[in-house]
Structures are given as C-alpha cells and as structure tokens.
$ cat protein04.cif   # mmCIF, C-alpha atoms
data_work
#
loop_
_atom_site.label_atom_id
_atom_site.label_comp_id
_atom_site.auth_asym_id
_atom_site.auth_seq_id
_atom_site.Cartn_x
_atom_site.Cartn_y
_atom_site.Cartn_z
CA MET A 1 55.70 98.18 78.77
CA ALA A 2 55.56 96.85 82.30
CA GLU A 3 59.02 95.35 81.86
CA GLU A 4 60.38 98.66 80.62
CA ALA A 5 59.03 100.21 83.81
CA GLY A 6 60.93 97.60 85.84
CA PHE A 7 58.24 94.99 86.49
CA PRO A 8 59.18 91.42 85.56
CA THR A 9 56.26 89.55 83.99
CA ILE A 10 55.40 85.96 83.23
CA SER A 11 52.77 85.47 80.52
CA MET A 12 50.48 82.61 79.75
CA GLY A 13 49.87 81.73 76.10
CA ASN A 14 48.13 79.11 74.01
CA ALA A 15 49.07 80.08 70.44
CA ALA A 16 52.70 79.94 69.37
CA ASP A 17 52.02 82.03 66.24
CA ARG A 18 50.41 84.87 68.20
CA MET A 19 53.19 84.76 70.76
CA ALA A 20 55.77 85.12 67.97
CA HIS A 21 54.17 88.51 67.19
CA ILE A 22 53.63 89.63 70.76
CA LYS A 23 57.10 88.56 71.92
CA PRO A 24 56.42 88.17 75.64
CA PRO A 25 59.61 88.38 77.74
CA ARG A 26 58.85 85.09 79.57
CA ALA A 27 55.98 82.82 78.66
CA LEU A 28 54.41 79.47 79.39
CA LEU A 29 52.66 77.81 76.48
CA VAL A 30 49.67 75.59 77.24
CA LYS A 31 47.64 73.29 75.00
CA PHE A 32 44.32 74.66 76.20
CA ALA A 33 41.65 76.54 74.27
CA ARG A 34 40.93 80.26 74.47
CA GLY A 35 39.21 81.27 77.66
CA SER A 36 40.90 78.65 79.84
CA MET A 37 44.64 79.19 80.14
CA PHE A 38 44.71 77.36 83.48
CA GLY A 39 43.00 74.22 82.22
CA GLU A 40 39.70 72.61 83.04
CA PRO A 41 37.26 74.37 85.37
CA GLY A 42 37.52 72.95 88.86
CA ASN A 43 40.95 71.35 88.36
CA VAL A 44 42.41 73.06 91.41
CA LYS A 45 45.56 70.95 91.43
CA ARG A 46 46.40 71.85 87.86
CA GLN A 47 45.70 75.56 88.33
CA ARG A 48 48.10 75.48 91.24
CA SER A 49 50.71 73.54 89.25
CA ILE A 50 50.65 76.13 86.48
CA LEU A 51 51.09 78.97 88.98
CA MET A 52 54.01 77.07 90.52
CA ASP A 53 55.45 76.65 87.01
CA ALA A 54 55.13 80.41 86.57
CA LEU A 55 57.06 81.09 89.78
CA GLU A 56 59.75 78.66 88.70
CA ALA A 57 59.95 80.23 85.24
CA LEU A 58 60.66 83.63 86.78
CA LYS A 59 63.76 82.15 88.34
CA THR A 60 64.92 79.97 85.46
CA MET A 61 64.13 82.09 82.38
CA THR A 62 67.14 84.32 82.02
CA LYS A 63 66.93 85.04 78.31
CA PRO A 64 64.38 87.57 76.91
CA GLY A 65 61.74 85.88 74.78
CA THR A 66 61.92 82.44 76.41
CA ILE A 67 58.81 80.30 75.84
CA GLN A 68 58.38 77.03 77.72
CA GLU A 69 55.73 74.53 76.68
CA LEU A 70 53.88 72.90 79.57
CA PRO A 71 53.03 69.19 79.33
CA TYR A 72 49.43 69.35 80.58
CA GLN A 73 46.64 67.86 78.46
CA TRP A 74 42.97 68.73 78.74
CA LYS A 75 41.20 66.25 81.03
CA LYS A 76 44.20 63.98 81.29
CA PRO A 77 46.15 63.40 84.48
CA ASP A 78 49.30 65.44 84.96
CA PRO A 79 52.59 63.76 84.00
CA LYS A 80 54.67 62.72 87.01
CA MET B 1 60.49 101.02 72.96
CA GLY B 2 60.02 99.51 69.54
CA ILE B 3 56.55 100.83 68.71
CA ASP B 4 55.99 103.50 66.10
CA LEU B 5 52.67 104.92 67.30
CA GLU B 6 52.30 107.52 64.57
CA ARG B 7 52.67 104.87 61.90
CA PHE B 8 50.23 102.66 63.78
CA ARG B 9 47.65 105.46 64.07
CA ILE B 10 47.63 106.06 60.32
CA ALA B 11 47.28 102.35 59.52
CA TYR B 12 44.72 101.89 62.29
CA ASP B 13 42.48 104.78 61.14
CA LYS B 14 42.51 103.32 57.65
CA TRP B 15 41.68 99.87 59.04
CA VAL B 16 38.73 101.26 61.03
CA GLU B 17 37.39 103.07 58.00
CA GLU B 18 37.69 100.02 55.76
CA SER B 19 36.43 97.54 58.33
CA LEU B 20 33.54 99.26 60.07
CA GLN B 21 30.83 97.89 57.85
CA GLU B 22 32.13 94.33 58.13
CA TYR B 23 32.64 94.74 61.87
CA ARG B 24 29.00 95.71 62.29
CA ALA B 25 28.03 92.69 60.23
CA GLY B 26 30.04 90.47 62.57
CA ASN B 27 32.77 89.43 60.09
CA TYR B 28 35.50 89.62 62.72
CA LYS B 29 37.67 86.88 61.25
CA GLU B 30 38.08 88.70 57.97
CA ILE B 31 38.84 92.14 59.34
CA ILE B 32 41.24 90.89 61.98
CA LYS B 33 43.42 89.47 59.19
CA ARG B 34 43.90 93.04 57.95
CA TYR B 35 44.51 94.55 61.40
CA PRO B 36 47.79 96.56 61.50
CA LEU B 37 49.38 94.39 64.16
CA ILE B 38 52.30 96.00 65.94
CA VAL B 39 55.35 93.78 65.95
CA SER B 40 57.85 95.10 68.44
CA ASP B 41 61.44 95.04 67.22
CA GLY B 42 62.75 93.95 70.59
CA VAL B 43 61.74 92.04 73.68
CA PRO B 44 61.31 94.25 76.75
CA TRP B 45 63.07 92.83 79.76
CA ALA B 46 63.18 93.52 83.48
CA PRO B 47 65.49 91.02 85.17
CA TYR B 48 63.86 88.94 87.86
CA ARG B 49 65.61 89.13 91.21
CA GLY B 50 64.75 87.88 94.65
CA ARG B 51 62.40 85.20 95.90
CA PRO B 52 58.64 84.77 95.31
CA SER B 53 58.19 84.20 99.04
CA GLU B 54 59.37 87.76 99.67
CA GLN B 55 57.54 89.50 96.84
CA SER B 56 54.19 90.97 95.90
CA PHE B 57 52.23 89.55 92.93
CA ALA B 58 49.38 90.91 90.84
CA LEU B 59 47.31 89.22 88.15
CA VAL B 60 46.49 90.89 84.86
CA THR B 61 43.84 89.30 82.64
CA SER B 62 42.36 90.41 79.34
CA GLY B 63 39.19 88.47 80.08
CA GLY B 64 36.84 91.46 80.39
CA LEU B 65 36.15 91.03 84.12
CA TYR B 66 34.38 93.76 86.07
CA LEU B 67 32.56 94.09 89.38
CA LYS B 68 28.88 93.86 88.55
CA ASP B 69 27.67 96.02 91.44
CA SER B 70 30.12 98.90 91.24
CA GLN B 71 31.85 99.06 87.83
CA GLN B 72 30.73 99.75 84.27
CA PRO B 73 31.04 96.75 81.95
CA PHE B 74 33.57 97.14 79.14
CA ASP B 75 32.30 98.45 75.81
CA THR B 76 31.69 95.35 73.71
CA ASP B 77 30.14 97.13 70.71
CA SER B 78 32.77 99.55 69.46
CA ILE B 79 35.22 98.52 66.75
CA HIS B 80 37.90 100.18 68.92
CA GLY B 81 37.17 97.76 71.74
CA ASP B 82 37.65 99.25 75.19
CA ALA B 83 41.07 100.53 76.23
CA SER B 84 40.25 100.92 79.93
CA PHE B 85 40.88 98.50 82.79
CA ARG B 86 39.00 97.44 85.90
CA GLU B 87 40.50 96.92 89.34
CA ILE B 88 39.53 93.66 90.99
CA PRO B 89 40.15 93.14 94.72
CA LYS B 90 41.96 90.02 95.91
CA THR B 91 38.95 89.15 98.05
CA VAL B 92 36.59 88.99 95.05
CA ARG B 93 34.00 86.21 94.93
CA ARG B 94 32.96 84.62 91.66
CA GLU B 95 29.40 85.87 91.91
CA GLU B 96 30.60 89.48 92.09
CA LEU B 97 32.28 89.30 88.68
CA GLY B 98 30.74 89.94 85.29
CA ILE B 99 32.44 89.28 81.95
CA ALA B 100 32.21 91.87 79.17
CA HIS B 101 34.20 90.63 76.18
CA ALA B 102 32.49 89.65 72.94
CA HIS B 103 35.31 87.63 71.39
CA TYR B 104 35.80 84.49 73.41
CA ASP B 105 33.63 81.77 74.90
CA HIS B 106 32.98 82.66 78.56
CA SER B 107 31.51 79.34 79.57
CA LEU B 108 34.66 77.88 81.16
CA ALA B 109 35.41 81.08 83.07
CA GLU B 110 31.78 81.29 84.15
CA GLU B 111 32.14 77.83 85.59
CA ASP B 112 35.45 78.58 87.33
CA ILE B 113 36.96 82.05 87.19
CA ASN B 114 40.38 80.61 88.08
CA THR B 115 40.66 79.31 84.51
CA ILE B 116 41.49 82.87 83.40
CA PHE B 117 42.01 84.69 86.70
CA PRO B 118 43.53 82.28 89.24
CA ILE B 119 43.06 84.61 92.19
CA HIS B 120 41.88 81.90 94.57
CA ARG B 121 44.91 79.72 93.82
CA LEU B 122 47.23 82.69 94.24
CA ASN B 123 45.65 83.54 97.60
CA GLU B 124 46.26 79.94 98.68
CA LEU B 125 49.95 80.26 97.75
CA GLU B 126 50.11 83.38 99.90
CA ASN B 127 48.53 81.55 102.83
CA GLU B 128 51.17 78.84 102.49
CA GLY B 129 54.00 81.38 102.33
CA ILE B 130 54.99 80.36 98.78
CA VAL B 131 54.36 83.89 97.57
CA GLY B 132 55.06 86.74 99.93
CA ARG B 133 52.01 88.85 99.23
CA VAL B 134 49.09 88.86 96.85
CA ALA B 135 48.41 92.48 95.93
CA ASN B 136 45.14 93.89 97.23
CA THR B 137 44.21 94.89 93.68
CA HIS B 138 44.36 92.96 90.38
CA TYR B 139 43.59 94.14 86.88
CA SER B 140 41.31 93.18 84.02
CA PHE B 141 41.44 94.51 80.52
CA SER B 142 39.14 93.43 77.69
CA TYR B 143 39.06 93.30 73.89
CA VAL B 144 40.92 96.31 72.51
CA ASN B 145 41.94 97.33 69.01
CA ASP B 146 42.83 100.93 69.78
CA VAL B 147 46.39 100.28 70.89
CA ALA B 148 47.33 103.99 70.63
CA THR B 149 44.92 104.91 73.45
CA LEU B 150 45.98 101.84 75.39
CA VAL B 151 49.66 102.78 75.20
CA THR B 152 49.38 106.55 75.70
CA LYS B 153 46.61 106.72 78.33
CA THR B 154 45.78 103.41 79.92
CA VAL B 155 49.19 101.84 80.45
CA PRO B 156 50.70 104.87 82.25
CA LYS B 157 47.70 104.89 84.62
CA PHE B 158 48.04 101.14 85.16
CA LEU B 159 51.78 101.41 85.86
CA SER B 160 51.20 104.18 88.36
CA ARG B 161 48.67 101.98 90.20
CA ILE B 162 50.98 98.99 90.47
CA LYS B 163 53.88 101.18 91.54
CA GLY B 164 51.67 102.75 94.19
CA GLU B 165 50.73 99.37 95.53
CA GLY B 166 54.28 98.08 95.65
CA VAL B 167 53.73 95.22 93.20
CA ASP B 168 56.93 93.34 92.33
CA VAL B 169 55.82 90.85 89.66
CA LEU B 170 52.92 90.61 87.19
CA ILE B 171 51.30 87.36 86.05
CA LEU B 172 49.73 88.03 82.65
CA VAL B 173 46.80 85.91 81.50
CA PRO B 174 45.43 86.73 78.06
CA VAL B 175 42.27 85.00 76.88
#
$ encode --input "protein04.cif" --output "structure tokens"
Amino acid sequence: MAEEAGFPTISMGNAADRMAHIKPPRALLVKFARGSMFGEPGNVKRQRSILMDALEALKTMTKPGTIQELPYQWKKPDPK
Amino acid sequence: MGIDLERFRIAYDKWVEESLQEYRAGNYKEIIKRYPLIVSDGVPWAPYRGRPSEQSFALVTSGGLYLKDSQQPFDTDSIHGDASFREIPKTVRREELGIAHAHYDHSLAEEDINTIFPIHRLNELENEGIVGRVANTHYSFSYVNDVATLVTKTVPKFLSRIKGEGVDVLILVPV
C-alpha cells in the first residue's frame, strides 16, 4: 500500500514461498533464520553490506516483483 | 488495489471462530495453515527515482519493538494480533526498546537490535553522506492477523505520518 501511495520500498525476506504470496515489489532474499534478517548479531560489516545492497537494488530493480538472493552465509565470511 | 476486504472479513471471522480454542491452546502451526491469506493479484509499484544521497529513508519492522518507558507493548495475547504501530526515534538506544511479539525468537534481536532494525547502520550511512537523511521517526509493527483493521485504519495513519515527515523510501524488515 505504501507503493500505491507513491513510496518506493525495498523488502527483506528469508522465505521464498512466503514472498511468493506477499509479492513484494523489490526484495532481497537472505539465507538467515527468522528474527535476524541482517545476519549474525554484532556483524556490523555485514549489516552495512546488506543495507548497501538495498540501496543498490532500488536503482537496479526496474521490474515489479524482482527478488534478488544475497550470497551471505551465517557465520561465514562474505564472498569477495 | 487487488484486495477484496469484504471477502477477507467473512473468511477471517470464520477462521477466528474455528481457531480460537486451538489458538488458546498454543497450536499456532495448525491454525495458521487455515488462515485466509490474502494473495494480491498484482504487484504494487512506485518507480524509484533520484539518488539515495539526496533522499530520506525510514525503517519499518514487524519485530514488535516499542519504547519501554513511554509506549504500551503490543497485544501478544489476542488471536487478532495487534494492528497498531509504534514510532521509534532515530536516536533510540538498544536499552530503551522492548520486544512484544510472541511468534519469533527474540534472542538475536535482544543481542543486537540491528539484526531486525538496522537503525545504527543506517545512521552511519547518513553520517557518511551515502544516504541523504535518516528520518527522525521509524516504525514497528508486530504480529497481526486482523488485516482488515490494518488496511482500513492503521495503514492510512502510517502513510499520513511518513508523508508528513517527508520520507522518500521505506526499508521493510519483516521478522
């Protein structure tokens, strides 16, 4: 409803099946459990990376319903 | 928009009636399978224009966050959930926040609130000029089944707040 009112959104998600129902306009899919969309507690660098991914997605996602999977793994270093 | 609220209300009232006993017994997994989930027939879309460094951002979480000293916790007992929202200032400190949401494990968020509400990271991006402005106010929702109230009462109020504050973009973080 925010989009209909003119506000672009970027959504986080961790369950492809739920997202298929909710149909977010732009979404980033992570492999993290419920209650921790931005990864491990205290992983400042990763939290920042995901926010940067979100800013990038706003610019690059031009088709409604685009979902991009992020490569981050719980407690593993970020891919280069 | 592609939501038939009248149809939802009828299905929802029936779901509440049929599920209340099991809800009270804590059988959430079973009753949620029967929940009359709304599947929108289209994807809403507001084109993104401009640059993050010139825009205002607000976070929206469904993590059940509230300010312990000044706000009521969300209702975590009702089968309807709680269709209201809480306004969280950008300057919030972890110790000021409570979590009222009975349907996810809070332990990671308790340890670091940025796992569901990355306000401190967003403030850092503002300080570095990567985002233009972090809104003074951010928003938390909680567990809610009563989508009719959410759509007819809560969302209009929420939209009027973000318009009033000149927010350009929303970052949505469900739990």
$ closest_residue --input "protein04.cif" --among "B:Asp105, B:Asp146, B:Glu124, B:Glu18" --to "His80 of chain B" --atoms "all atoms listed in the file"
B:Asp146
$ closest_atom_pairs --input "protein04.cif" --of "chain A" --to "chain B" --cutoff "9 Å" --atoms "all atoms listed in the file" --output "JSON lines"
{"residue": "A:Met1", "atom": "CA", "partner": "B:Pro44", "partner_atom": "CA", "distance": 7.1}
{"residue": "A:Ala2", "atom": "CA", "partner": "B:Leu159", "partner_atom": "CA", "distance": 6.9}
{"residue": "A:Glu3", "atom": "CA", "partner": "B:Ala46", "partner_atom": "CA", "distance": 4.8}
{"residue": "A:Glu4", "atom": "CA", "partner": "B:Pro44", "partner_atom": "CA", "distance": 5.9}
{"residue": "A:Ala5", "atom": "CA", "partner": "B:Leu159", "partner_atom": "CA", "distance": 7.6}
{"residue": "A:Gly6", "atom": "CA", "partner": "B:Ala46", "partner_atom": "CA", "distance": 5.2}
{"residue": "A:Phe7", "atom": "CA", "partner": "B:Val169", "partner_atom": "CA", "distance": 5.7}
{"residue": "A:Pro8", "atom": "CA", "partner": "B:Ala46", "partner_atom": "CA", "distance": 5.0}
{"residue": "A:Thr9", "atom": "CA", "partner": "B:Leu170", "partner_atom": "CA", "distance": 4.7}
{"residue": "A:Ile10", "atom": "CA", "partner": "B:Ile171", "partner_atom": "CA", "distance": 5.2}
{"residue": "A:Ser11", "atom": "CA", "partner": "B:Leu172", "partner_atom": "CA", "distance": 4.5}
{"residue": "A:Met12", "atom": "CA", "partner": "B:Val173", "partner_atom": "CA", "distance": 5.2}
{"residue": "A:Gly13", "atom": "CA", "partner": "B:Pro174", "partner_atom": "CA", "distance": 7.0}
{"residue": "A:Asn14", "atom": "CA", "partner": "B:Val175", "partner_atom": "CA", "distance": 8.8}
{"residue": "A:Ala20", "atom": "CA", "partner": "B:Val39", "partner_atom": "CA", "distance": 8.9}
{"residue": "A:His21", "atom": "CA", "partner": "B:Val39", "partner_atom": "CA", "distance": 5.5}
{"residue": "A:Ile22", "atom": "CA", "partner": "B:Val39", "partner_atom": "CA", "distance": 6.6}
{"residue": "A:Lys23", "atom": "CA", "partner": "B:Val43", "partner_atom": "CA", "distance": 6.1}
{"residue": "A:Pro24", "atom": "CA", "partner": "B:Val43", "partner_atom": "CA", "distance": 6.9}
{"residue": "A:Pro25", "atom": "CA", "partner": "B:Val43", "partner_atom": "CA", "distance": 5.9}
{"residue": "A:Arg26", "atom": "CA", "partner": "B:Trp45", "partner_atom": "CA", "distance": 8.8}
{"residue": "A:Ala33", "atom": "CA", "partner": "B:Val175", "partner_atom": "CA", "distance": 8.9}
{"residue": "A:Arg34", "atom": "CA", "partner": "B:Val175", "partner_atom": "CA", "distance": 5.5}
{"residue": "A:Gly35", "atom": "CA", "partner": "B:Val175", "partner_atom": "CA", "distance": 4.9}
{"residue": "A:Ser36", "atom": "CA", "partner": "B:Thr115", "partner_atom": "CA", "distance": 4.7}
{"residue": "A:Met37", "atom": "CA", "partner": "B:Ile116", "partner_atom": "CA", "distance": 5.8}
{"residue": "A:Phe38", "atom": "CA", "partner": "B:Thr115", "partner_atom": "CA", "distance": 4.6}
{"residue": "A:Gly39", "atom": "CA", "partner": "B:Thr115", "partner_atom": "CA", "distance": 6.1}
{"residue": "A:Glu40", "atom": "CA", "partner": "B:Thr115", "partner_atom": "CA", "distance": 6.9}
{"residue": "A:Pro41", "atom": "CA", "partner": "B:Asp112", "partner_atom": "CA", "distance": 5.0}
{"residue": "A:Gly42", "atom": "CA", "partner": "B:Asp112", "partner_atom": "CA", "distance": 6.2}
{"residue": "A:Asn43", "atom": "CA", "partner": "B:Thr115", "partner_atom": "CA", "distance": 8.8}
{"residue": "A:Val44", "atom": "CA", "partner": "B:Arg121", "partner_atom": "CA", "distance": 7.5}
{"residue": "A:Gln47", "atom": "CA", "partner": "B:Arg121", "partner_atom": "CA", "distance": 6.9}
{"residue": "A:Arg48", "atom": "CA", "partner": "B:Arg121", "partner_atom": "CA", "distance": 5.9}
{"residue": "A:Leu51", "atom": "CA", "partner": "B:Leu122", "partner_atom": "CA", "distance": 7.5}
{"residue": "A:Met52", "atom": "CA", "partner": "B:Leu125", "partner_atom": "CA", "distance": 8.9}
{"residue": "A:Ala54", "atom": "CA", "partner": "B:Ile171", "partner_atom": "CA", "distance": 8.0}
{"residue": "A:Leu55", "atom": "CA", "partner": "B:Pro52", "partner_atom": "CA", "distance": 6.8}
{"residue": "A:Leu58", "atom": "CA", "partner": "B:Tyr48", "partner_atom": "CA", "distance": 6.3}
{"residue": "A:Lys59", "atom": "CA", "partner": "B:Tyr48", "partner_atom": "CA", "distance": 6.8}
{"residue": "A:Met61", "atom": "CA", "partner": "B:Tyr48", "partner_atom": "CA", "distance": 8.8}
{"residue": "A:Thr62", "atom": "CA", "partner": "B:Pro47", "partner_atom": "CA", "distance": 7.6}
{"residue": "A:Lys63", "atom": "CA", "partner": "B:Trp45", "partner_atom": "CA", "distance": 8.8}
{"residue": "A:Pro64", "atom": "CA", "partner": "B:Val43", "partner_atom": "CA", "distance": 6.1}
{"residue": "A:Gly65", "atom": "CA", "partner": "B:Val43", "partner_atom": "CA", "distance": 6.3}
$ resolve_selection --input "protein04.cif" --expression "the PyMOL selection byres ((chain A and resi 30) around 6)" --output "VMD selection string"
chain A and resid 14 29 31 to 32 70
$ atom_distance --input "protein04.cif" --atom1 "atom CA of Leu67 of chain B" --atom2 "atom CA of Ala83 of chain B"
16.9 Å
$ atom_distance --input "protein04.cif" --atom1 "atom CA of Ala102 of chain B" --atom2 "atom CA of Gln21 of chain B"
17.3 Å
$ residues_around --input "protein04.cif" --residues "Pro36 of chain B" --least-positions-apart "6" --cutoff "9 Å" --atoms "only C-alpha atoms" --output "compact mmCIF listing (two decimals) with C-alpha atoms, in the frame of the given file"
# COMPACT_ATOMS: atom_id res chain seq x y z
CA PHE B 8 50.23 102.66 63.78
CA ALA B 11 47.28 102.35 59.52
CA TYR B 12 44.72 101.89 62.29
CA TRP B 15 41.68 99.87 59.04
$ atom_distance --input "protein04.cif" --atom1 "atom CA of Glu22 of chain B" --atom2 "atom CA of Phe74 of chain B"
21.2 Å
$ decode --input "protein04.cif" --residues "segment 131-154 of chain B" --atoms "N, CA, C and O atoms" --output "mmCIF file, in the first residue's frame"
data_model
loop_
_atom_site.group_PDB
_atom_site.id
_atom_site.type_symbol
_atom_site.label_atom_id
_atom_site.label_comp_id
_atom_site.auth_asym_id
_atom_site.auth_seq_id
_atom_site.Cartn_x
_atom_site.Cartn_y
_atom_site.Cartn_z
ATOM 1 N N VAL B 131 23.433 7.976 2.463
ATOM 2 C CA VAL B 131 22.012 8.333 2.372
ATOM 3 C C VAL B 131 21.871 9.793 2.808
ATOM 4 O O VAL B 131 22.616 10.269 3.671
ATOM 5 N N GLY B 132 20.918 10.467 2.176
ATOM 6 C CA GLY B 132 20.784 11.900 2.435
ATOM 7 C C GLY B 132 20.326 12.188 3.851
ATOM 8 O O GLY B 132 20.909 13.006 4.561
ATOM 9 N N ARG B 133 19.276 11.484 4.270
ATOM 10 C CA ARG B 133 18.714 11.750 5.592
ATOM 11 C C ARG B 133 18.064 10.485 6.134
ATOM 12 O O ARG B 133 17.380 9.764 5.391
ATOM 13 N N VAL B 134 18.308 10.223 7.395
ATOM 14 C CA VAL B 134 17.565 9.166 8.078
ATOM 15 C C VAL B 134 16.408 9.876 8.776
ATOM 16 O O VAL B 134 16.620 10.840 9.516
ATOM 17 N N ALA B 135 15.188 9.424 8.494
ATOM 18 C CA ALA B 135 14.013 10.077 9.077
ATOM 19 C C ALA B 135 14.136 10.120 10.605
ATOM 20 O O ALA B 135 14.766 9.243 11.207
ATOM 21 N N ASN B 136 13.539 11.129 11.207
ATOM 22 C CA ASN B 136 13.585 11.214 12.668
ATOM 23 C C ASN B 136 12.802 10.076 13.321
ATOM 24 O O ASN B 136 13.090 9.679 14.438
ATOM 25 N N THR B 137 11.798 9.568 12.589
ATOM 26 C CA THR B 137 10.922 8.543 13.148
ATOM 27 C C THR B 137 10.901 7.293 12.269
ATOM 28 O O THR B 137 10.823 7.408 11.047
ATOM 29 N N HIS B 138 10.941 6.131 12.916
ATOM 30 C CA HIS B 138 10.853 4.835 12.228
ATOM 31 C C HIS B 138 9.685 4.068 12.837
ATOM 32 O O HIS B 138 9.112 4.509 13.834
ATOM 33 N N TYR B 139 9.339 2.920 12.247
ATOM 34 C CA TYR B 139 8.056 2.325 12.589
ATOM 35 C C TYR B 139 8.179 0.843 12.888
ATOM 36 O O TYR B 139 8.838 0.111 12.158
ATOM 37 N N SER B 140 7.531 0.418 13.973
ATOM 38 C CA SER B 140 7.459 -1.020 14.251
ATOM 39 C C SER B 140 6.010 -1.469 14.316
ATOM 40 O O SER B 140 5.167 -0.846 14.969
ATOM 41 N N PHE B 141 5.754 -2.552 13.627
ATOM 42 C CA PHE B 141 4.501 -3.270 13.741
ATOM 43 C C PHE B 141 4.816 -4.544 14.531
ATOM 44 O O PHE B 141 5.961 -4.764 14.951
ATOM 45 N N SER B 142 3.800 -5.388 14.717
ATOM 46 C CA SER B 142 4.033 -6.650 15.410
ATOM 47 C C SER B 142 3.245 -7.743 14.705
ATOM 48 O O SER B 142 2.879 -7.601 13.535
ATOM 49 N N TYR B 143 2.965 -8.819 15.424
ATOM 50 C CA TYR B 143 2.171 -9.923 14.873
ATOM 51 C C TYR B 143 0.743 -9.444 14.670
ATOM 52 O O TYR B 143 0.135 -8.906 15.586
ATOM 53 N N VAL B 144 0.209 -9.627 13.460
ATOM 54 C CA VAL B 144 -1.174 -9.199 13.227
ATOM 55 C C VAL B 144 -1.870 -10.156 12.274
ATOM 56 O O VAL B 144 -1.326 -10.528 11.235
ATOM 57 N N ASN B 145 -3.050 -10.594 12.696
ATOM 58 C CA ASN B 145 -3.889 -11.417 11.816
ATOM 59 C C ASN B 145 -5.035 -10.610 11.231
ATOM 60 O O ASN B 145 -5.537 -10.926 10.158
ATOM 61 N N ASP B 146 -5.437 -9.564 11.955
ATOM 62 C CA ASP B 146 -6.599 -8.773 11.546
ATOM 63 C C ASP B 146 -6.198 -7.764 10.461
ATOM 64 O O ASP B 146 -6.030 -6.571 10.707
ATOM 65 N N VAL B 147 -6.060 -8.277 9.262
ATOM 66 C CA VAL B 147 -5.583 -7.448 8.149
ATOM 67 C C VAL B 147 -6.593 -6.354 7.786
ATOM 68 O O VAL B 147 -6.218 -5.265 7.343
ATOM 69 N N ALA B 148 -7.897 -6.613 8.028
ATOM 70 C CA ALA B 148 -8.914 -5.611 7.683
ATOM 71 C C ALA B 148 -8.688 -4.322 8.482
ATOM 72 O O ALA B 148 -8.704 -3.222 7.920
ATOM 73 N N THR B 149 -8.444 -4.458 9.783
ATOM 74 C CA THR B 149 -8.157 -3.268 10.603
ATOM 75 C C THR B 149 -6.845 -2.634 10.178
ATOM 76 O O THR B 149 -6.723 -1.403 10.097
ATOM 77 N N LEU B 150 -5.873 -3.472 9.896
ATOM 78 C CA LEU B 150 -4.568 -2.967 9.462
ATOM 79 C C LEU B 150 -4.724 -2.090 8.212
ATOM 80 O O LEU B 150 -4.206 -0.968 8.146
ATOM 81 N N VAL B 151 -5.462 -2.599 7.243
ATOM 82 C CA VAL B 151 -5.587 -1.913 5.955
ATOM 83 C C VAL B 151 -6.470 -0.668 6.049
ATOM 84 O O VAL B 151 -6.157 0.371 5.472
ATOM 85 N N THR B 152 -7.585 -0.766 6.810
ATOM 86 C CA THR B 152 -8.531 0.352 6.809
ATOM 87 C C THR B 152 -8.164 1.445 7.821
ATOM 88 O O THR B 152 -8.471 2.610 7.603
ATOM 89 N N LYS B 153 -7.514 1.075 8.912
ATOM 90 C CA LYS B 153 -7.230 2.083 9.950
ATOM 91 C C LYS B 153 -5.745 2.399 10.094
ATOM 92 O O LYS B 153 -5.347 3.562 10.118
ATOM 93 N N THR B 154 -4.948 1.352 10.215
ATOM 94 C CA THR B 154 -3.545 1.582 10.575
ATOM 95 C C THR B 154 -2.729 2.137 9.410
ATOM 96 O O THR B 154 -1.974 3.093 9.578
#
